[in-house]
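Asks: For reference, the file data_7.pdb (PDB, C-alpha atoms, pLDDT in the B column) is included below:
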ATOM      1  CA  MET A  20     -59.258   3.554  76.286  1.00 56.00           C
ATOM      2  CA  LYS A  21     -59.465   2.542  79.928  1.00 63.00           C
ATOM      3  CA  LYS A  22     -55.750   1.730  79.911  1.00 71.00           C
ATOM      4  CA  ILE A  23     -54.915   5.198  78.551  1.00 72.00           C
ATOM      5  CA  SER A  24     -56.915   6.832  81.340  1.00 72.00           C
ATOM      6  CA  GLU A  25     -55.130   4.651  83.879  1.00 72.00           C
ATOM      7  CA  ALA A  26     -51.729   5.622  82.433  1.00 71.00           C
ATOM      8  CA  ILE A  27     -52.577   9.336  82.695  1.00 70.00           C
ATOM      9  CA  SER A  28     -53.794   8.841  86.267  1.00 74.00           C
ATOM     10  CA  ASP A  29     -50.627   6.924  87.215  1.00 70.00           C
ATOM     11  CA  LEU A  30     -48.394   9.702  85.868  1.00 72.00           C
ATOM     12  CA  HIS A  31     -50.272  12.296  87.917  1.00 67.00           C
ATOM     13  CA  LYS A  32     -50.051  10.095  91.016  1.00 72.00           C
ATOM     14  CA  MET A  33     -46.307   9.578  90.545  1.00 72.00           C
ATOM     15  CA  ASP A  34     -45.835  13.347  90.381  1.00 71.00           C
ATOM     16  CA  MET A  35     -47.794  13.712  93.614  1.00 73.00           C
ATOM     17  CA  GLU A  36     -45.773  10.959  95.308  1.00 68.00           C
ATOM     18  CA  ALA A  37     -42.499  12.613  94.287  1.00 68.00           C
ATOM     19  CA  GLY A  38     -43.651  15.876  95.850  1.00 69.00           C
ATOM     20  CA  ARG A  39     -44.942  14.518  99.146  1.00 71.00           C
ATOM     21  CA  SER A  40     -43.030  14.844 102.379  1.00 73.00           C
ATOM     22  CA  GLY A  41     -40.892  11.940 103.509  1.00 73.00           C
ATOM     23  CA  TRP A  42     -37.383  11.066 104.600  1.00 77.00           C
ATOM     24  CA  LEU A  43     -36.173   9.711 101.261  1.00 78.00           C
ATOM     25  CA  GLN A  44     -38.109  12.344  99.305  1.00 78.00           C
ATOM     26  CA  GLY A  45     -36.260  15.000 101.303  1.00 81.00           C
ATOM     27  CA  VAL A  46     -32.795  13.787 100.310  1.00 83.00           C
ATOM     28  CA  HIS A  47     -31.048  16.031  97.780  1.00 83.00           C
ATOM     29  CA  PRO A  48     -31.592  14.714  94.213  1.00 85.00           C
ATOM     30  CA  LEU A  49     -27.897  14.584  93.263  1.00 87.00           C
ATOM     31  CA  PRO A  50     -26.905  11.942  95.869  1.00 88.00           C
ATOM     32  CA  LYS A  51     -30.017   9.909  95.006  1.00 89.00           C
ATOM     33  CA  LEU A  52     -29.175   9.988  91.300  1.00 89.00           C
ATOM     34  CA  LEU A  53     -25.536   9.020  91.934  1.00 90.00           C
ATOM     35  CA  VAL A  54     -26.524   6.109  94.172  1.00 91.00           C
ATOM     36  CA  THR A  55     -29.134   4.881  91.669  1.00 91.00           C
ATOM     37  CA  VAL A  56     -26.709   4.984  88.731  1.00 90.00           C
ATOM     38  CA  PHE A  57     -23.999   3.302  90.814  1.00 92.00           C
ATOM     39  CA  PHE A  58     -26.458   0.589  91.922  1.00 92.00           C
ATOM     40  CA  ILE A  59     -27.527  -0.169  88.345  1.00 91.00           C
ATOM     41  CA  LEU A  60     -23.919  -0.265  87.088  1.00 92.00           C
ATOM     42  CA  ILE A  61     -22.871  -2.694  89.806  1.00 90.00           C
ATOM     43  CA  THR A  62     -25.998  -4.804  89.326  1.00 90.00           C
ATOM     44  CA  VAL A  63     -25.478  -5.329  85.598  1.00 87.00           C
ATOM     45  CA  SER A  64     -21.756  -6.072  86.124  1.00 88.00           C
ATOM     46  CA  PHE A  65     -22.367  -9.336  88.006  1.00 85.00           C
ATOM     47  CA  GLY A  66     -21.391 -12.544  86.251  1.00 83.00           C
ATOM     48  CA  LYS A  67     -24.091 -14.600  84.595  1.00 80.00           C
ATOM     49  CA  TYR A  68     -23.763 -17.373  87.190  1.00 79.00           C
ATOM     50  CA  ASP A  69     -23.329 -15.143  90.258  1.00 79.00           C
ATOM     51  CA  LEU A  70     -26.965 -15.228  91.349  1.00 82.00           C
ATOM     52  CA  ALA A  71     -26.213 -15.370  95.069  1.00 84.00           C
ATOM     53  CA  GLY A  72     -24.079 -12.215  94.962  1.00 85.00           C
ATOM     54  CA  LEU A  73     -26.668 -10.444  92.836  1.00 85.00           C
ATOM     55  CA  LEU A  74     -29.466 -11.160  95.295  1.00 87.00           C
ATOM     56  CA  MET A  75     -27.465  -9.391  98.001  1.00 88.00           C
ATOM     57  CA  MET A  76     -27.944  -6.154  96.064  1.00 88.00           C
ATOM     58  CA  GLY A  77     -31.620  -6.396  96.927  1.00 87.00           C
ATOM     59  CA  VAL A  78     -30.755  -5.009 100.368  1.00 90.00           C
ATOM     60  CA  TYR A  79     -30.578  -1.517  98.850  1.00 89.00           C
ATOM     61  CA  LEU A  80     -34.048  -1.831  97.334  1.00 89.00           C
ATOM     62  CA  ILE A  81     -35.621  -3.257 100.485  1.00 89.00           C
ATOM     63  CA  VAL A  82     -34.198  -0.543 102.745  1.00 88.00           C
ATOM     64  CA  SER A  83     -35.013   2.241 100.265  1.00 87.00           C
ATOM     65  CA  PHE A  84     -38.605   1.096  99.743  1.00 87.00           C
ATOM     66  CA  VAL A  85     -39.096   1.045 103.516  1.00 86.00           C
ATOM     67  CA  LEU A  86     -37.469   4.453 104.076  1.00 83.00           C
ATOM     68  CA  GLY A  87     -39.424   6.011 101.212  1.00 80.00           C
ATOM     69  CA  ASP A  88     -42.696   4.319 102.195  1.00 81.00           C
ATOM     70  CA  ILE A  89     -43.045   3.063  98.606  1.00 82.00           C
ATOM     71  CA  SER A  90     -45.642   0.430  97.760  1.00 80.00           C
ATOM     72  CA  VAL A  91     -44.220  -2.649  96.030  1.00 80.00           C
ATOM     73  CA  ARG A  92     -47.729  -3.518  94.867  1.00 83.00           C
ATOM     74  CA  LEU A  93     -47.966  -0.225  92.975  1.00 78.00           C
ATOM     75  CA  LEU A  94     -44.531  -0.852  91.470  1.00 79.00           C
ATOM     76  CA  VAL A  95     -45.679  -4.182  90.056  1.00 79.00           C
ATOM     77  CA  LYS A  96     -48.970  -2.690  88.847  1.00 79.00           C
ATOM     78  CA  ARG A  97     -47.439   0.338  87.111  1.00 76.00           C
ATOM     79  CA  MET A  98     -44.369  -1.367  85.679  1.00 77.00           C
ATOM     80  CA  ARG A  99     -45.844  -4.796  84.953  1.00 76.00           C
ATOM     81  CA  ALA A 100     -45.285  -4.539  81.205  1.00 76.00           C
ATOM     82  CA  VAL A 101     -41.635  -3.535  81.606  1.00 77.00           C
ATOM     83  CA  LEU A 102     -41.054  -6.138  84.316  1.00 75.00           C
ATOM     84  CA  ALA A 103     -42.558  -8.832  82.112  1.00 78.00           C
ATOM     85  CA  LEU A 104     -40.341  -7.774  79.207  1.00 78.00           C
ATOM     86  CA  VAL A 105     -37.093  -7.827  81.191  1.00 75.00           C
ATOM     87  CA  SER A 106     -38.091 -11.177  82.674  1.00 72.00           C
ATOM     88  CA  LEU A 107     -38.228 -12.700  79.186  1.00 75.00           C
ATOM     89  CA  VAL A 108     -34.755 -11.525  78.140  1.00 73.00           C
ATOM     90  CA  GLY A 109     -32.971 -14.741  79.083  1.00 70.00           C
ATOM     91  CA  ILE A 110     -35.805 -17.182  78.453  1.00 76.00           C
ATOM     92  CA  ALA A 111     -33.827 -18.982  75.709  1.00 72.00           C
ATOM     93  CA  ASN A 112     -30.689 -19.485  77.827  1.00 70.00           C
ATOM     94  CA  PRO A 113     -31.667 -22.935  79.213  1.00 69.00           C
ATOM     95  CA  PHE A 114     -31.842 -24.293  75.648  1.00 74.00           C
ATOM     96  CA  PHE A 115     -28.336 -23.118  74.704  1.00 74.00           C
ATOM     97  CA  ASP A 116     -26.358 -23.497  77.930  1.00 69.00           C
ATOM     98  CA  ARG A 117     -26.862 -27.095  79.121  1.00 72.00           C
ATOM     99  CA  LYS A 118     -23.779 -27.274  81.342  1.00 74.00           C
ATOM    100  CA  VAL A 119     -24.750 -28.807  84.695  1.00 71.00           C
ATOM    101  CA  LEU A 120     -23.646 -26.609  87.605  1.00 68.00           C
ATOM    102  CA  PHE A 121     -25.061 -28.553  90.547  1.00 67.00           C
ATOM    103  CA  LEU A 122     -27.738 -31.045  91.522  1.00 69.00           C
ATOM    104  CA  ILE A 123     -30.765 -30.569  93.743  1.00 73.00           C
ATOM    105  CA  GLY A 124     -31.594 -34.150  94.584  1.00 71.00           C
ATOM    106  CA  GLU A 125     -31.928 -35.722  91.149  1.00 73.00           C
ATOM    107  CA  PHE A 126     -32.736 -32.445  89.429  1.00 75.00           C
ATOM    108  CA  ALA A 127     -29.844 -31.002  87.412  1.00 72.00           C
ATOM    109  CA  VAL A 128     -29.533 -27.225  87.484  1.00 73.00           C
ATOM    110  CA  THR A 129     -27.859 -26.049  84.290  1.00 76.00           C
ATOM    111  CA  GLY A 130     -25.924 -22.873  83.590  1.00 71.00           C
ATOM    112  CA  GLY A 131     -28.702 -21.721  81.281  1.00 73.00           C
ATOM    113  CA  MET A 132     -31.252 -21.866  84.093  1.00 77.00           C
ATOM    114  CA  VAL A 133     -29.041 -19.883  86.458  1.00 76.00           C
ATOM    115  CA  SER A 134     -28.081 -17.304  83.812  1.00 79.00           C
ATOM    116  CA  ALA A 135     -31.737 -16.864  82.804  1.00 81.00           C
ATOM    117  CA  VAL A 136     -32.770 -16.149  86.410  1.00 82.00           C
ATOM    118  CA  THR A 137     -29.738 -13.870  86.838  1.00 83.00           C
ATOM    119  CA  LEU A 138     -30.715 -11.794  83.798  1.00 84.00           C
ATOM    120  CA  MET A 139     -34.288 -11.604  85.033  1.00 86.00           C
ATOM    121  CA  VAL A 140     -33.202 -10.406  88.490  1.00 85.00           C
ATOM    122  CA  LYS A 141     -30.844  -7.829  86.952  1.00 87.00           C
ATOM    123  CA  GLY A 142     -33.681  -6.376  84.891  1.00 85.00           C
ATOM    124  CA  ILE A 143     -36.112  -6.340  87.810  1.00 87.00           C
ATOM    125  CA  PHE A 144     -33.558  -4.669  90.093  1.00 88.00           C
ATOM    126  CA  ALA A 145     -32.692  -2.011  87.485  1.00 89.00           C
ATOM    127  CA  VAL A 146     -36.356  -1.196  86.802  1.00 87.00           C
ATOM    128  CA  SER A 147     -37.149  -1.102  90.535  1.00 88.00           C
ATOM    129  CA  ALA A 148     -34.239   1.280  91.260  1.00 90.00           C
ATOM    130  CA  SER A 149     -35.330   3.582  88.421  1.00 88.00           C
ATOM    131  CA  TYR A 150     -38.922   3.549  89.659  1.00 87.00           C
ATOM    132  CA  LEU A 151     -37.730   4.316  93.181  1.00 88.00           C
ATOM    133  CA  LEU A 152     -35.872   7.375  91.903  1.00 87.00           C
ATOM    134  CA  MET A 153     -38.892   8.589  89.922  1.00 85.00           C
ATOM    135  CA  VAL A 154     -41.391   8.379  92.789  1.00 85.00           C
ATOM    136  CA  THR A 155     -39.076  10.094  95.282  1.00 85.00           C
ATOM    137  CA  THR A 156     -37.692  12.841  93.011  1.00 84.00           C
ATOM    138  CA  SER A 157     -39.603  15.374  90.931  1.00 83.00           C
ATOM    139  CA  ILE A 158     -38.671  15.767  87.270  1.00 83.00           C
ATOM    140  CA  GLU A 159     -37.346  19.292  87.926  1.00 83.00           C
ATOM    141  CA  ASP A 160     -35.039  18.067  90.702  1.00 82.00           C
ATOM    142  CA  LEU A 161     -33.915  15.137  88.581  1.00 85.00           C
ATOM    143  CA  CYS A 162     -33.074  17.423  85.657  1.00 85.00           C
ATOM    144  CA  TYR A 163     -31.208  19.709  88.056  1.00 84.00           C
ATOM    145  CA  ALA A 164     -29.096  16.755  89.216  1.00 85.00           C
ATOM    146  CA  LEU A 165     -28.392  15.748  85.595  1.00 86.00           C
ATOM    147  CA  ARG A 166     -27.162  19.259  84.802  1.00 84.00           C
ATOM    148  CA  LYS A 167     -24.933  19.172  87.882  1.00 83.00           C
ATOM    149  CA  LEU A 168     -23.381  15.977  86.520  1.00 83.00           C
ATOM    150  CA  GLY A 169     -22.544  17.768  83.293  1.00 83.00           C
ATOM    151  CA  ILE A 170     -25.254  16.318  81.040  1.00 83.00           C
ATOM    152  CA  PRO A 171     -25.738  18.723  78.061  1.00 85.00           C
ATOM    153  CA  GLY A 172     -28.633  21.115  78.534  1.00 80.00           C
ATOM    154  CA  ILE A 173     -30.332  20.090  75.277  1.00 82.00           C
ATOM    155  CA  PHE A 174     -30.729  16.501  76.507  1.00 86.00           C
ATOM    156  CA  VAL A 175     -32.039  17.638  79.882  1.00 84.00           C
ATOM    157  CA  THR A 176     -34.527  19.978  78.196  1.00 83.00           C
ATOM    158  CA  VAL A 177     -35.757  17.210  75.901  1.00 84.00           C
ATOM    159  CA  LEU A 178     -36.157  14.846  78.870  1.00 84.00           C
ATOM    160  CA  MET A 179     -38.182  17.409  80.817  1.00 83.00           C
ATOM    161  CA  LEU A 180     -40.433  18.287  77.882  1.00 83.00           C
ATOM    162  CA  VAL A 181     -41.032  14.631  76.967  1.00 84.00           C
ATOM    163  CA  TYR A 182     -41.982  13.799  80.549  1.00 82.00           C
ATOM    164  CA  ARG A 183     -44.205  16.840  80.955  1.00 80.00           C
ATOM    165  CA  TYR A 184     -46.030  16.552  77.637  1.00 82.00           C
ATOM    166  CA  ILE A 185     -46.395  12.778  77.421  1.00 83.00           C
ATOM    167  CA  ILE A 186     -49.706  13.327  79.240  1.00 81.00           C
ATOM    168  CA  VAL A 187     -50.822  15.716  76.477  1.00 81.00           C
ATOM    169  CA  LEU A 188     -50.028  13.023  73.902  1.00 82.00           C
ATOM    170  CA  LEU A 189     -51.920  10.388  75.884  1.00 82.00           C
ATOM    171  CA  LYS A 190     -54.942  12.662  76.185  1.00 82.00           C
ATOM    172  CA  GLU A 191     -54.882  13.235  72.427  1.00 83.00           C
ATOM    173  CA  ILE A 192     -54.829   9.457  71.875  1.00 83.00           C
ATOM    174  CA  GLU A 193     -57.694   9.083  74.329  1.00 82.00           C
ATOM    175  CA  ARG A 194     -59.700  11.741  72.486  1.00 85.00           C
ATOM    176  CA  MET A 195     -59.138   9.994  69.132  1.00 84.00           C
ATOM    177  CA  THR A 196     -60.037   6.541  70.439  1.00 83.00           C
ATOM    178  CA  ASN A 197     -63.185   7.921  72.104  1.00 82.00           C
ATOM    179  CA  ALA A 198     -64.228   9.526  68.816  1.00 82.00           C
ATOM    180  CA  TYR A 199     -63.607   6.229  66.991  1.00 81.00           C
ATOM    181  CA  ALA A 200     -65.586   4.259  69.591  1.00 81.00           C
ATOM    182  CA  LEU A 201     -68.582   6.581  69.196  1.00 81.00           C
ATOM    183  CA  ARG A 202     -68.522   5.960  65.438  1.00 80.00           C
ATOM    184  CA  ALA A 203     -68.081   2.200  65.802  1.00 77.00           C
ATOM    185  CA  PRO A 204     -70.317   1.141  68.720  1.00 76.00           C
ATOM    186  CA  GLY A 205     -69.920  -2.427  69.890  1.00 73.00           C
ATOM    187  CA  GLN A 206     -66.497  -2.879  68.295  1.00 75.00           C
ATOM    188  CA  LYS A 207     -63.641  -3.879  70.557  1.00 76.00           C
ATOM    189  CA  GLY A 208     -60.450  -1.955  69.907  1.00 74.00           C
ATOM    190  CA  LEU A 209     -59.374  -0.405  66.641  1.00 76.00           C
ATOM    191  CA  HIS A 210     -59.845  -2.237  63.366  1.00 76.00           C
ATOM    192  CA  TYR A 211     -56.518  -2.935  61.665  1.00 75.00           C
ATOM    193  CA  LYS A 212     -57.650  -1.039  58.545  1.00 79.00           C
ATOM    194  CA  VAL A 213     -57.674   2.280  60.438  1.00 80.00           C
ATOM    195  CA  TRP A 214     -54.307   1.866  62.180  1.00 82.00           C
ATOM    196  CA  GLY A 215     -52.440   3.831  59.521  1.00 84.00           C
ATOM    197  CA  THR A 216     -55.019   6.599  59.473  1.00 85.00           C
ATOM    198  CA  MET A 217     -54.997   6.900  63.245  1.00 85.00           C
ATOM    199  CA  VAL A 218     -51.194   7.096  63.396  1.00 86.00           C
ATOM    200  CA  GLY A 219     -51.168   9.746  60.656  1.00 88.00           C
ATOM    201  CA  GLN A 220     -53.831  11.785  62.429  1.00 86.00           C
ATOM    202  CA  LEU A 221     -51.917  11.506  65.706  1.00 85.00           C
ATOM    203  CA  LEU A 222     -48.743  12.746  63.999  1.00 87.00           C
ATOM    204  CA  LEU A 223     -50.541  15.769  62.516  1.00 87.00           C
ATOM    205  CA  ARG A 224     -52.242  16.576  65.813  1.00 85.00           C
ATOM    206  CA  SER A 225     -48.912  16.238  67.641  1.00 84.00           C
ATOM    207  CA  VAL A 226     -47.209  18.656  65.257  1.00 85.00           C
ATOM    208  CA  ASP A 227     -50.008  21.211  65.669  1.00 86.00           C
ATOM    209  CA  ARG A 228     -50.004  20.875  69.459  1.00 84.00           C
ATOM    210  CA  ALA A 229     -46.194  21.085  69.594  1.00 83.00           C
ATOM    211  CA  GLN A 230     -46.283  24.344  67.623  1.00 87.00           C
ATOM    212  CA  ILE A 231     -48.853  25.798  70.023  1.00 86.00           C
ATOM    213  CA  VAL A 232     -46.753  24.762  73.031  1.00 82.00           C
ATOM    214  CA  TYR A 233     -43.587  26.197  71.480  1.00 83.00           C
ATOM    215  CA  ASP A 234     -45.283  29.513  70.675  1.00 85.00           C
ATOM    216  CA  SER A 235     -46.559  29.717  74.246  1.00 84.00           C
ATOM    217  CA  MET A 236     -43.061  29.050  75.595  1.00 80.00           C
ATOM    218  CA  MET A 237     -41.557  31.751  73.378  1.00 83.00           C
ATOM    219  CA  LEU A 238     -44.148  34.277  74.551  1.00 84.00           C
ATOM    220  CA  ARG A 239     -43.109  33.489  78.121  1.00 80.00           C
ATOM    221  CA  GLY A 240     -39.432  34.194  77.426  1.00 78.00           C
ATOM    222  CA  TYR A 241     -38.080  30.768  76.505  1.00 74.00           C
ATOM    223  CA  HIS A 242     -34.606  30.980  74.909  1.00 73.00           C
ATOM    224  CA  GLY A 243     -33.553  27.370  74.464  1.00 68.00           C
ATOM    225  CA  GLY A 244     -33.201  26.235  78.056  1.00 67.00           C
ATOM    226  CA  PHE A 245     -34.783  26.178  81.493  1.00 67.00           C
ATOM    227  CA  TYR A 246     -33.469  27.718  84.655  1.00 66.00           C
ATOM    228  CA  LEU A 247     -33.240  24.754  87.007  1.00 67.00           C
ATOM    229  CA  ARG A 248     -32.641  24.959  90.708  1.00 67.00           C
ATOM    230  CA  CYS A 249     -33.198  22.599  93.595  1.00 65.00           C
ATOM    231  CA  LYS A 250     -35.634  23.337  96.401  1.00 65.00           C
ATOM    232  CA  LYS A 251     -32.920  22.658  98.985  1.00 69.00           C
ATOM    233  CA  ARG A 252     -29.151  22.729  99.206  1.00 73.00           C
ATOM    234  CA  ALA A 253     -27.196  19.558  99.806  1.00 71.00           C
ATOM    235  CA  GLY A 254     -26.275  19.177 103.465  1.00 76.00           C
ATOM    236  CA  ARG A 255     -24.123  16.844 105.500  1.00 81.00           C
ATOM    237  CA  GLY A 256     -26.928  14.327 105.745  1.00 81.00           C
ATOM    238  CA  ASP A 257     -27.198  14.146 101.949  1.00 80.00           C
ATOM    239  CA  TYR A 258     -23.452  13.580 101.537  1.00 85.00           C
ATOM    240  CA  LEU A 259     -23.579  10.983 104.314  1.00 89.00           C
ATOM    241  CA  TYR A 260     -26.462   9.222 102.531  1.00 86.00           C
ATOM    242  CA  ALA A 261     -24.401   8.960  99.340  1.00 86.00           C
ATOM    243  CA  ALA A 262     -21.220   7.886 101.152  1.00 89.00           C
ATOM    244  CA  VAL A 263     -22.977   5.190 103.187  1.00 89.00           C
ATOM    245  CA  TRP A 264     -24.779   3.673 100.228  1.00 88.00           C
ATOM    246  CA  LEU A 265     -21.814   3.823  97.845  1.00 89.00           C
ATOM    247  CA  THR A 266     -19.695   2.048 100.458  1.00 90.00           C
ATOM    248  CA  ALA A 267     -22.435  -0.477 101.208  1.00 89.00           C
ATOM    249  CA  LEU A 268     -22.931  -1.286  97.527  1.00 88.00           C
ATOM    250  CA  LEU A 269     -19.206  -1.840  97.074  1.00 88.00           C
ATOM    251  CA  VAL A 270     -19.199  -4.197 100.069  1.00 87.00           C
ATOM    252  CA  LEU A 271     -22.269  -6.063  98.812  1.00 81.00           C
ATOM    253  CA  SER A 272     -20.734  -6.493  95.369  1.00 77.00           C
TER
END
Since I need it in another form, could you write the structure as structure tokens?

Replies:
Amino acid sequence: MKKISEAISDLHKMDMEAGRSGWLQGVHPLPKLLVTVFFILITVSFGKYDLAGLLMMGVYLIVSFVLGDISVRLLVKRMRAVLALVSLVGIANPFFDRKVLFLIGEFAVTGGMVSAVTLMVKGIFAVSASYLLMVTTSIEDLCYALRKLGIPGIFVTVLMLVYRYIIVLLKEIERMTNAYALRAPGQKGLHYKVWGTMVGQLLLRSVDRAQIVYDSMMLRGYHGGFYLRCKKRAGRGDYLYAAVWLTALLVLS
């Protein structure tokens, strides 16, 4: 229950961070989205043994975190589960790839070790770049940039609604777990026998809440899409930002 409250609080804080004033926050969302996508594509394209070249891509993250005044500690705290998951992707590589690449003293470094670290760094870099985009760009601006890139409106609408109403879902889960805790004092967590019941109740509550939200949207003139616009127009500085970083990433790769 405490973790659910923390997740709701983190989502609200990320929204506030995306809306605060700052140099990187003030950059037009389209260049930021293009640079982020380009960075991730280049990052994942590195060879499995090219760890040195991959680490050079960290320059983008370091500079961007400094310019955006983003806390690395908060990144690790908020994304720790995802970071841990991507770090375990290549954990089996050392057992399958035993080819010795080089020696450090008497210690043999195998291809599996290097490829495992490379996969881990790729995942961490991709998650960090995505987090950087989220905390410097509001969901409305991000959806606007996606529409400008030609992403179908239905997908953009779904993305916006999922992001906006994930908090409603989390609050519903929190309400259910609080009710369960009051009826089972002293018990830690949910007993496995009630898992199915809880999931079924959550599904029914979600359907009811979704119908209420949809009816409210229709009463306010919703016709299948949102009118999205950016708070500012792209200027020369925004185009320069994209050009500089796209060139720099190509050089670093």

Asks: Using only C-alpha atoms, which of A:Val218, A:Val136, A:Ile61, A:Leu151 sits nearest Ile110 of chain A?

Replies: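 So, comparing all the options, the nearest one is A:Val136.
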
Asks: Nearest residue to Met132 of chain A out of A:Val119, A:Ile23, A:Val263, A:Met236, using only C-alpha atoms?

Replies: A:Val119

Asks: Residue by residue, what does the PyMOL selection byres ((chain A and resi 94-101) around 10) grab here? Present the result as a PyMOL selection string.

Replies: chain A and resi 25-26+29-30+33+89-93+102-106+142-143+146-147+150-151+154

Asks: Give as a ChimeraX atom specification the residues that the PyMOL selection byres ((chain A and resi 74-83) around 8) matches when applied to the coordinates above.

Replies: /A:43,62,70-73,84-87,140,144,147-148,151,264,268,271-272

Asks: Record the distance separating atom CA of Arg117 of chain A and atom CA of Thr129 of chain A, expressed in Å with one decimal.

Replies: 5.4 Å

Asks: Atom CA of Val187 of chain A to atom CA of Ala229 of chain A: how many Å, to one decimal?

Replies: 9.9 Å

Asks: How far is it from atom CA of Ala164 of chain A to atom CA of Leu189 of chain A, in Å with one decimal?

Replies: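 These two atoms are separated by 27.2 Å.
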
Asks: Mind checking which residues fall within 9 Å of Ile186 of chain A, counting all atoms listed in the file, ignoring those fewer than 4 positions away in the same chain, and posting them as a PyMOL selection string?

Replies: chain A and resi 26-27+30-31+182+190-191

Asks: Around all listed atoms of segment 138-150 of chain A, padded 5 Å per side, what centre and edge lengths does the axis-aligned box have in Å to one decimal, as AutoDock Vina command-line options?

Replies:
--center_x -34.8 --center_y -4.1 --center_z 87.5 --size_x 18.2 --size_y 25.4 --size_z 17.5

Asks: Under the rule that all atoms listed in the file are counted, which of A:Gln220, A:Ser24, A:Thr266, A:Thr55 is the nearest residue to Ala145 of chain A?

Replies: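 Closest to Ala145 of chain A of all the choices is A:Thr55.
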
Asks: Evaluated on this file, the PyMOL selection byres ((chain A and resi 49) around 8) picks out some residues - which ones are they, written as a list in words?

Replies: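 Residues picked by the PyMOL selection byres ((chain A and resi 49) around 8): His47, Pro48, Pro50, Lys51, Leu52, Leu53, Leu161, Ala164, Leu165 and Lys167 of chain A.
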
Asks: Go ahead and write the selection's residues with C-alpha atoms as a CSV table (one decimal), keeping the file's coordinate frame.

Replies:
chain,number,residue,atom,x,y,z
A,47,HIS,CA,-31.0,16.0,97.8
A,48,PRO,CA,-31.6,14.7,94.2
A,50,PRO,CA,-26.9,11.9,95.9
A,51,LYS,CA,-30.0,9.9,95.0
A,52,LEU,CA,-29.2,10.0,91.3
A,53,LEU,CA,-25.5,9.0,91.9
A,161,LEU,CA,-33.9,15.1,88.6
A,164,ALA,CA,-29.1,16.8,89.2
A,165,LEU,CA,-28.4,15.7,85.6
A,167,LYS,CA,-24.9,19.2,87.9

Asks: Given all atoms listed in the file as the basis, pick out the residue of A:Arg39, A:Arg252, A:Lys67, A:Lys32 nearest to Thr155 of chain A.

Replies: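 Closest to Thr155 of chain A of all the choices is A:Arg39.
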
Asks: Could you give me, as number ranges by chain, the residues that sit within 7 Å of (-29.3, -0.5, 83.4) in the file's coordinates, counting all atoms listed in the file?

Replies: A: 59-60, 63, 145

Asks: Which one is closest to Val128 of chain A: A:Tyr68, A:Lys212, A:Val177, A:Asp257? Count all atoms listed in the file.

Replies: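 Closest candidate: A:Tyr68.
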
Asks: Write out N, CA and C atoms for segment 100-112 of chain A, as a short mmCIF file (atom, residue, chain, number, x, y, z; two decimals), keeping the file's coordinate frame.

Replies:
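Heads up, here's the output in part.cif:
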data_model
loop_
_atom_site.label_atom_id
_atom_site.label_comp_id
_atom_site.auth_asym_id
_atom_site.auth_seq_id
_atom_site.Cartn_x
_atom_site.Cartn_y
_atom_site.Cartn_z
N ALA A 100 -45.68 -4.25 82.59
CA ALA A 100 -45.28 -4.54 81.20
C ALA A 100 -43.77 -4.56 81.06
N VAL A 101 -43.09 -3.59 81.68
CA VAL A 101 -41.64 -3.54 81.61
C VAL A 101 -41.02 -4.71 82.36
N LEU A 102 -41.57 -5.02 83.53
CA LEU A 102 -41.05 -6.14 84.32
C LEU A 102 -41.22 -7.46 83.57
N ALA A 103 -42.35 -7.61 82.89
CA ALA A 103 -42.56 -8.83 82.11
C ALA A 103 -41.56 -8.92 80.96
N LEU A 104 -41.28 -7.79 80.33
CA LEU A 104 -40.34 -7.77 79.21
C LEU A 104 -38.93 -8.14 79.65
N VAL A 105 -38.45 -7.52 80.74
CA VAL A 105 -37.09 -7.83 81.19
C VAL A 105 -36.98 -9.25 81.73
N SER A 106 -38.11 -9.81 82.18
CA SER A 106 -38.09 -11.18 82.67
C SER A 106 -37.96 -12.20 81.55
N LEU A 107 -38.28 -11.78 80.33
CA LEU A 107 -38.23 -12.70 79.19
C LEU A 107 -36.91 -12.62 78.42
N VAL A 108 -36.00 -11.74 78.88
CA VAL A 108 -34.76 -11.52 78.14
C VAL A 108 -33.94 -12.81 78.01
N GLY A 109 -33.82 -13.54 79.11
CA GLY A 109 -32.97 -14.74 79.08
C GLY A 109 -33.74 -16.04 78.99
N ILE A 110 -34.96 -15.99 78.45
CA ILE A 110 -35.80 -17.18 78.45
C ILE A 110 -35.24 -18.31 77.59
N ALA A 111 -34.39 -17.96 76.60
CA ALA A 111 -33.83 -18.98 75.71
C ALA A 111 -32.53 -19.58 76.25
N ASN A 112 -31.98 -19.01 77.30
CA ASN A 112 -30.69 -19.48 77.83
C ASN A 112 -30.66 -20.97 78.19
#
